[in-house]
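Data from protein.csv: CSV, C-alpha atoms
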```
chain,number,residue,atom,x,y,z
A,552,MET,CA,3.6,18.4,11.9
A,553,THR,CA,6.9,20.0,11.0
A,554,LYS,CA,9.4,19.7,8.2
A,555,SER,CA,12.0,18.7,10.7
A,556,GLU,CA,10.4,15.4,11.6
A,557,ILE,CA,11.8,12.4,9.7
A,558,ILE,CA,10.0,9.1,9.1
A,559,LYS,CA,12.3,6.1,8.6
A,560,VAL,CA,11.0,3.7,6.0
A,561,ALA,CA,12.2,0.3,4.8
A,562,ILE,CA,11.1,-1.5,1.6
A,563,CYS,CA,11.9,-5.2,1.3
A,564,ASP,CA,11.3,-6.5,-2.2
A,565,GLU,CA,13.5,-8.3,-4.7
A,566,ASN,CA,11.9,-6.3,-7.6
A,567,LYS,CA,14.0,-3.2,-8.0
A,568,ILE,CA,11.4,-1.5,-10.2
A,569,ASP,CA,8.7,-2.0,-7.5
A,570,CYS,CA,11.1,-0.7,-4.8
A,571,LEU,CA,11.7,2.5,-6.9
A,572,SER,CA,8.0,2.9,-7.6
A,573,ILE,CA,7.1,2.6,-3.9
A,574,SER,CA,10.0,4.9,-2.9
A,575,ASN,CA,9.0,7.7,-5.3
A,576,SER,CA,5.4,7.6,-4.4
A,577,LEU,CA,6.1,7.6,-0.7
A,578,LYS,CA,8.4,10.6,-1.0
A,579,LYS,CA,5.7,12.5,-2.9
A,580,VAL,CA,2.9,11.5,-0.4
A,581,LEU,CA,4.9,12.3,2.7
A,582,GLU,CA,6.1,15.6,1.3
A,583,LYS,CA,2.5,16.6,0.7
A,584,GLU,CA,1.8,15.7,4.3
A,585,GLU,CA,4.8,17.9,5.3
A,586,PHE,CA,7.1,15.1,6.5
A,587,LEU,CA,10.6,14.3,5.5
A,588,CYS,CA,11.5,10.6,5.0
A,589,VAL,CA,14.6,8.4,4.8
A,590,ILE,CA,13.9,5.3,2.7
A,591,GLU,CA,16.1,2.2,2.5
A,592,THR,CA,15.5,-0.8,0.3
A,593,TYR,CA,16.4,-4.5,0.9
A,594,LYS,CA,16.3,-7.6,-1.2
A,595,TYR,CA,16.3,-10.2,1.6
A,596,GLY,CA,14.3,-10.4,4.8
A,597,GLU,CA,17.4,-11.6,6.8
A,598,ILE,CA,19.2,-8.3,6.1
A,599,LEU,CA,16.2,-6.2,6.8
A,600,CYS,CA,15.8,-7.8,10.3
A,601,LYS,CA,19.5,-7.2,11.1
A,602,GLU,CA,19.3,-3.5,10.0
A,603,HIS,CA,16.0,-2.9,11.8
A,604,LYS,CA,17.5,-4.2,15.0
A,605,LYS,CA,20.2,-1.4,14.6
A,606,LYS,CA,18.2,1.4,13.0
A,607,VAL,CA,14.6,0.8,14.1
A,608,PHE,CA,12.3,1.8,11.2
A,609,ASP,CA,9.0,3.5,11.6
A,610,LEU,CA,7.3,1.9,8.6
A,611,ILE,CA,8.2,-1.3,6.7
A,612,PHE,CA,6.9,-2.6,3.4
A,613,ILE,CA,7.5,-6.3,2.9
A,614,ASN,CA,6.9,-8.5,-0.1
A,615,VAL,CA,5.4,-11.7,1.1
A,616,GLU,CA,7.1,-13.8,-1.6
A,617,LEU,CA,10.8,-13.0,-0.8
A,618,GLU,CA,13.8,-15.2,-1.6
A,619,GLY,CA,15.3,-16.8,1.4
A,620,ILE,CA,13.1,-16.3,4.4
A,621,SER,CA,9.6,-15.3,3.3
A,622,GLY,CA,7.9,-12.0,4.0
A,623,ILE,CA,5.7,-13.7,6.5
A,624,GLU,CA,8.6,-15.1,8.4
A,625,THR,CA,10.3,-11.7,8.2
A,626,GLY,CA,7.3,-10.2,9.9
A,627,ARG,CA,7.3,-12.9,12.5
A,628,VAL,CA,11.0,-12.3,13.4
A,629,ILE,CA,10.3,-8.6,13.8
A,630,ARG,CA,7.3,-9.1,16.0
A,631,ASP,CA,8.3,-12.2,18.0
A,632,GLU,CA,12.2,-12.3,18.1
A,633,LEU,CA,12.9,-8.6,18.0
A,634,LYS,CA,9.9,-7.9,20.1
A,635,ASP,CA,8.9,-4.9,18.1
A,636,GLU,CA,5.1,-4.2,18.2
A,637,MET,CA,5.6,-0.5,17.4
A,638,VAL,CA,6.9,-0.6,13.8
A,639,GLN,CA,4.0,-0.5,11.3
A,640,ILE,CA,4.2,-3.2,8.6
A,641,ALA,CA,2.5,-3.2,5.2
A,642,TYR,CA,2.7,-6.4,3.3
A,643,ILE,CA,2.8,-6.7,-0.5
A,644,ALA,CA,1.7,-9.7,-2.6
A,645,LYS,CA,0.4,-10.6,-6.1
A,646,ASN,CA,-3.0,-11.8,-4.7
A,647,LYS,CA,-5.0,-12.0,-1.4
A,648,THR,CA,-4.0,-15.6,-0.6
A,649,TYR,CA,-1.9,-14.6,2.3
A,650,ALA,CA,-4.2,-12.0,3.9
A,651,MET,CA,-5.6,-14.2,6.7
A,652,GLU,CA,-2.2,-15.7,7.6
A,653,LEU,CA,-0.8,-12.2,8.2
A,654,PHE,CA,-3.4,-10.9,10.7
A,655,GLU,CA,-1.5,-12.3,13.7
A,656,PHE,CA,1.4,-9.9,12.8
A,657,HIS,CA,-0.9,-6.8,13.0
A,658,PRO,CA,-0.3,-5.4,9.5
A,659,ILE,CA,-1.2,-1.8,8.9
A,660,ASN,CA,-2.3,-2.8,5.4
A,661,PHE,CA,-2.1,-5.4,2.7
A,662,LEU,CA,-1.3,-4.2,-0.9
A,663,ILE,CA,-2.0,-6.2,-4.0
A,664,LYS,CA,0.3,-5.8,-7.0
A,665,PRO,CA,0.0,-3.8,-9.2
A,666,PHE,CA,-1.1,-1.0,-6.8
A,667,ILE,CA,-1.7,2.6,-7.5
A,668,GLU,CA,-0.4,5.7,-5.7
A,669,TYR,CA,-3.8,6.3,-4.0
A,670,GLN,CA,-3.4,3.0,-2.1
A,671,LEU,CA,0.0,4.1,-0.8
A,672,GLU,CA,-1.6,7.3,0.3
A,673,ARG,CA,-4.2,5.3,2.3
A,674,VAL,CA,-1.3,3.4,4.0
A,675,ILE,CA,0.4,6.7,4.9
A,676,GLU,CA,-2.8,8.3,6.2
A,677,LYS,CA,-3.4,5.3,8.5
A,678,PHE,CA,0.2,5.3,9.6
A,679,LEU,CA,0.1,8.9,10.5
A,680,LEU,CA,-3.1,8.5,12.5
A,681,VAL,CA,-2.0,5.3,14.2
A,682,THR,CA,1.3,6.8,15.3
A,683,LYS,CA,-0.5,10.1,16.3
A,684,ARG,CA,1.5,12.1,13.8
A,685,LYS,CA,-1.6,13.4,12.1
A,686,GLN,CA,-4.6,15.4,13.2
A,687,SER,CA,-7.8,13.5,13.9
A,688,LYS,CA,-9.9,16.7,14.1
A,689,PHE,CA,-10.9,19.5,11.8
A,690,ILE,CA,-10.9,23.0,13.4
A,691,TYR,CA,-12.8,26.0,12.0
A,692,LYS,CA,-13.7,29.4,13.2
A,693,LYS,CA,-17.2,30.7,13.4
A,694,GLY,CA,-17.5,34.2,14.6
A,695,TYR,CA,-15.2,34.5,17.6
A,696,GLU,CA,-15.4,30.8,18.4
A,697,TRP,CA,-13.1,27.9,17.3
A,698,ILE,CA,-15.0,24.6,16.8
A,699,GLU,CA,-13.5,21.1,16.6
A,700,VAL,CA,-15.1,18.3,14.7
A,701,ASN,CA,-13.8,14.7,14.6
A,702,ILE,CA,-12.8,14.0,11.0
A,703,PRO,CA,-14.6,10.5,10.9
A,704,ASP,CA,-17.8,12.3,11.8
A,705,ILE,CA,-17.7,14.6,8.7
A,706,LEU,CA,-19.9,13.5,5.9
A,707,TYR,CA,-19.1,16.3,3.4
A,708,PHE,CA,-18.5,20.0,2.8
A,709,TYR,CA,-20.2,22.1,0.2
A,710,SER,CA,-19.7,25.7,-0.7
A,711,GLN,CA,-22.1,28.6,-1.7
A,712,GLY,CA,-20.3,31.8,-2.4
A,713,ARG,CA,-18.1,32.7,0.6
A,714,LYS,CA,-19.9,30.2,2.9
A,715,VAL,CA,-18.7,26.6,3.5
A,716,TYR,CA,-21.3,24.2,4.9
A,717,ILE,CA,-20.0,21.3,7.0
A,718,MET,CA,-22.4,18.3,7.2
A,719,THR,CA,-21.6,15.9,10.1
A,720,ASN,CA,-23.3,13.0,11.9
A,721,ASP,CA,-24.7,15.6,14.3
A,722,GLY,CA,-26.1,18.0,11.6
A,723,CYS,CA,-25.1,21.0,9.6
A,724,ASP,CA,-23.0,24.1,10.4
A,725,VAL,CA,-21.7,26.9,8.3
A,726,PHE,CA,-18.6,29.1,8.4
A,727,TYR,CA,-16.8,31.6,6.0
A,728,GLY,CA,-14.0,30.2,3.9
A,729,LYS,CA,-13.1,28.4,0.7
A,730,LEU,CA,-13.4,24.8,-0.1
A,731,ASN,CA,-9.9,24.5,-1.5
A,732,HIS,CA,-8.5,25.9,1.8
A,733,VAL,CA,-10.5,23.3,3.7
A,734,TYR,CA,-9.1,20.5,1.5
A,735,ASN,CA,-5.5,21.7,2.0
A,736,GLU,CA,-6.0,22.1,5.8
A,737,ILE,CA,-7.7,18.8,6.5
A,738,HIS,CA,-4.8,16.7,5.3
A,739,ALA,CA,-6.8,13.5,4.8
A,740,THR,CA,-6.8,11.4,1.7
A,741,CYS,CA,-10.3,10.1,2.4
A,742,PHE,CA,-11.6,13.5,1.2
A,743,LEU,CA,-12.4,13.8,-2.4
A,744,PHE,CA,-13.8,16.6,-4.7
A,745,ILE,CA,-16.8,15.1,-6.6
A,746,HIS,CA,-17.8,18.6,-7.8
A,747,LYS,CA,-16.2,22.0,-7.5
A,748,SER,CA,-18.8,22.7,-4.7
A,749,PHE,CA,-18.7,19.3,-2.9
A,750,LEU,CA,-15.9,17.7,-0.9
A,751,ILE,CA,-16.9,14.3,0.5
A,752,ASN,CA,-15.5,11.9,3.1
A,753,CYS,CA,-15.2,8.6,1.2
A,754,LYS,CA,-15.5,6.7,4.5
A,755,ASN,CA,-19.1,7.9,4.7
A,756,VAL,CA,-20.2,6.9,1.2
A,757,LYS,CA,-23.1,4.4,1.2
A,758,LYS,CA,-23.2,3.7,-2.5
A,759,PHE,CA,-22.7,5.5,-5.8
A,760,ASP,CA,-23.4,5.4,-9.5
A,761,ASN,CA,-22.1,7.3,-12.5
A,762,LYS,CA,-23.9,10.5,-11.7
A,763,THR,CA,-24.6,10.6,-8.0
A,764,ILE,CA,-23.3,9.6,-4.6
A,765,LEU,CA,-25.5,8.4,-1.7
A,766,MET,CA,-24.0,9.4,1.6
A,767,LYS,CA,-24.6,7.5,4.9
A,768,ASN,CA,-27.2,10.1,5.9
A,769,ASP,CA,-29.1,9.2,2.7
A,770,GLU,CA,-28.4,12.5,1.0
A,771,ILE,CA,-27.8,12.3,-2.7
A,772,LEU,CA,-24.9,14.4,-4.1
A,773,PRO,CA,-24.1,15.2,-7.7
A,774,ILE,CA,-20.9,14.1,-9.4
A,775,SER,CA,-19.7,16.6,-12.1
A,776,GLN,CA,-19.1,15.1,-15.5
A,777,SER,CA,-15.4,15.9,-15.5
A,778,LYS,CA,-15.0,14.1,-12.2
A,779,ARG,CA,-16.9,10.9,-12.9
A,780,LYS,CA,-14.0,8.6,-14.0
A,781,GLU,CA,-11.7,9.8,-11.1
A,782,VAL,CA,-14.5,9.5,-8.5
A,783,LYS,CA,-15.3,5.9,-9.7
A,784,GLU,CA,-11.7,4.8,-9.6
A,785,ILE,CA,-10.9,6.3,-6.2
A,786,ILE,CA,-14.1,5.2,-4.4
A,787,GLU,CA,-13.9,1.7,-5.8
A,788,THR,CA,-10.2,1.5,-4.6
A,789,PHE,CA,-11.2,2.9,-1.2
A,790,LYS,CA,-14.0,0.4,-0.7
A,791,PHE,CA,-11.6,-2.4,-1.7
A,792,LEU,CA,-9.1,-1.3,0.9
A,793,GLN,CA,-11.8,-1.2,3.6
A,794,LYS,CA,-12.8,-4.8,3.1
```
Structure encoded using structure tokens:
Amino acid sequence: MTKSEIIKVAICDENKIDCLSISNSLKKVLEKEEFLCVIETYKYGEILCKEHKKKVFDLIFINVELEGISGIETGRVIRDELKDEMVQIAYIAKNKTYAMELFEFHPINFLIKPFIEYQLERVIEKFLLVTKRKQSKFIYKKGYEWIEVNIPDILYFYSQGRKVYIMTNDGCDVFYGKLNHVYNEIHATCFLFIHKSFLINCKNVKKFDNKTILMKNDEILPISQSKRKEVKEIIETFKFLQK
């Protein structure tokens, strides 16, 4: 990843406030991921299709309920008439009514209004992975050896002093470092601090309550009191997006 790579994004929604909100959040998220972005907004699907034919966007957000041709029809034109299967499309709606109807257009995600910034982060994370702009492995040094681990296989990290323990589907390993450095290096929004000493992969949470989290390996991890509200909101949002 480099600062020189630019991602071209289009937002098609008649609501100017929603367009501005999505635009501001995307800029913030992509900057954190070390990408530059160019964002253009459109009110009508017809205009978006014409501009996409000339400019070719990387990622498009389309409101299903557009004036003129609908967001569903706009997606169909992009896929069937413009023959573009490469652009990633995220649909936006006020409810889940249209979800099944949109599957044939291969959406990267389906956002329900009102949505929060974390949901946009999930869209960006998936976009970067699908388009191979983002790492899918975590690499750490142990002694003189560099070790690669697939990010989906990581259950959690925890720290004790200068040691960081990495728990994966294959077992536990340890290396020297700091948990904050691991978080900054891993660049994945599915990782969440539930405690100053525990960094978990939300994709591998089995269930949780107000005080603890049960991971897929049946280990129970503590949630610090100061993190309880944040953890509940993020994991509930994450589980909803995985449905």
Once 4 Å is added on each side, what are the centre and the three edge lengths, in Å to one decimal, of the axis-aligned box enclosing the listed atoms of region 554-572 of chain A? Present them as lines of an AutoDock Vina configuration file.
```
center_x = 11.0
center_y = 5.7
center_z = 0.7
size_x = 14.0
size_y = 36.0
size_z = 29.8
```
Q) What is the distance between CA of Asn761 (chain A) and CA of Arg779 (chain A), in Å to one decimal? A)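 These atoms are spaced 6.3 Å apart.
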Would you mind listing, for every residue of region 676-711 of chain A within 12 Å of region 605-612 of chain A, the two atoms forming the shortest contact and the distance between them in Å to one decimal, using all atoms listed in the file, sorted by chain and ascending residue number, as a Markdown table?
```
| residue | atom | partner | partner_atom | distance |
| --- | --- | --- | --- | --- |
| A:Lys677 | CA | A:Leu610 | CA | 11.2 |
| A:Phe678 | CA | A:Leu610 | CA | 7.9 |
| A:Leu679 | CA | A:Leu610 | CA | 10.2 |
| A:Val681 | CA | A:Leu610 | CA | 11.4 |
| A:Thr682 | CA | A:Asp609 | CA | 9.2 |
| A:Arg684 | CA | A:Asp609 | CA | 11.6 |
```
**Q.** region 752-754 of chain A surroundings by only C-alpha atoms, 6 Å radius, close-in-sequence under 5 positions cut, as number ranges by chain
**A.** A: 706-707, 741-742
Region 717-722 of chain A environment, 8 Å, all atoms listed in the file, sequence neighbours closer than 4 positions dropped, as a PDB file with C-alpha atoms, keeping the file's coordinate frame:
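What follows is the written file out_18.pdb:
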```pdb
ATOM      1  CA  ASP A 704     -17.800  12.300  11.800  1.00  0.00           C
ATOM      2  CA  ILE A 705     -17.700  14.600   8.700  1.00  0.00           C
ATOM      3  CA  LEU A 706     -19.900  13.500   5.900  1.00  0.00           C
ATOM      4  CA  TYR A 707     -19.100  16.300   3.400  1.00  0.00           C
ATOM      5  CA  PHE A 708     -18.500  20.000   2.800  1.00  0.00           C
ATOM      6  CA  TYR A 709     -20.200  22.100   0.200  1.00  0.00           C
ATOM      7  CA  ASN A 768     -27.200  10.100   5.900  1.00  0.00           C
TER       8      ASN A 768
END
```
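You can rank A:Glu616, A:Glu736, A:Glu591, A:Asp635 by their closest distance to Glu565 (chain A) using only C-alpha atoms, and at the top of that list sits A:Glu616.
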Do a neighbour search on region 743-749 of chain A at 6 Å with all atoms listed in the file, toss out local chain neighbours closer than 2 positions, and write the hits as a PDB file with C-alpha atoms, in the frame of the given file.
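Below is the file that was written, around_36.pdb:
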```
ATOM      1  CA  PHE A 708     -18.500  20.000   2.800  1.00  0.00           C
ATOM      2  CA  TYR A 709     -20.200  22.100   0.200  1.00  0.00           C
ATOM      3  CA  SER A 710     -19.700  25.700  -0.700  1.00  0.00           C
ATOM      4  CA  ILE A 751     -16.900  14.300   0.500  1.00  0.00           C
ATOM      5  CA  ILE A 774     -20.900  14.100  -9.400  1.00  0.00           C
ATOM      6  CA  SER A 775     -19.700  16.600 -12.100  1.00  0.00           C
ATOM      7  CA  LYS A 778     -15.000  14.100 -12.200  1.00  0.00           C
TER       8      LYS A 778
END
```
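Using only C-alpha atoms, the shortest contact distance between Lys645 (chain A) and any of A:Ile663, A:Val674, A:Val733, A:Cys600 is found at A:Ile663.
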Q.
Taking all atoms listed in the file into account, name the residue in A:Asn701, A:Thr592, A:Ser576, A:Asn646 that is nearest to Ile562 (chain A).
A. A:Thr592
Q: Tell me which protein, DNA and RNA residues are within 9 Å of Ser621 (chain A), counting only C-alpha atoms, leaving out same-chain ones fewer than 5 positions away, and put them as a list of chain:residue names.
A: A:Tyr595, A:Gly596, A:Asn614, A:Val615, A:Glu616, A:Gly626
Q) Please, what distance in Å, to one decimal, runs between CA of Ser572 (chain A) and CA of Glu668 (chain A)? A) 9.1 Å
Q | Top pick for closest residue to Leu571 (chain A), considering A:Ile590, A:Ile557, A:Leu617, A:Ile737 and counting only C-alpha atoms | A |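 Checking each of A:Ile590, A:Ile557, A:Leu617, A:Ile737 against Leu571 (chain A), counting only C-alpha atoms, the winner is A:Ile590.
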Q) What is the CA of Ser574 (chain A) to CA of Tyr669 (chain A) distance in Å? A)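 A separation of 13.9 Å between them.
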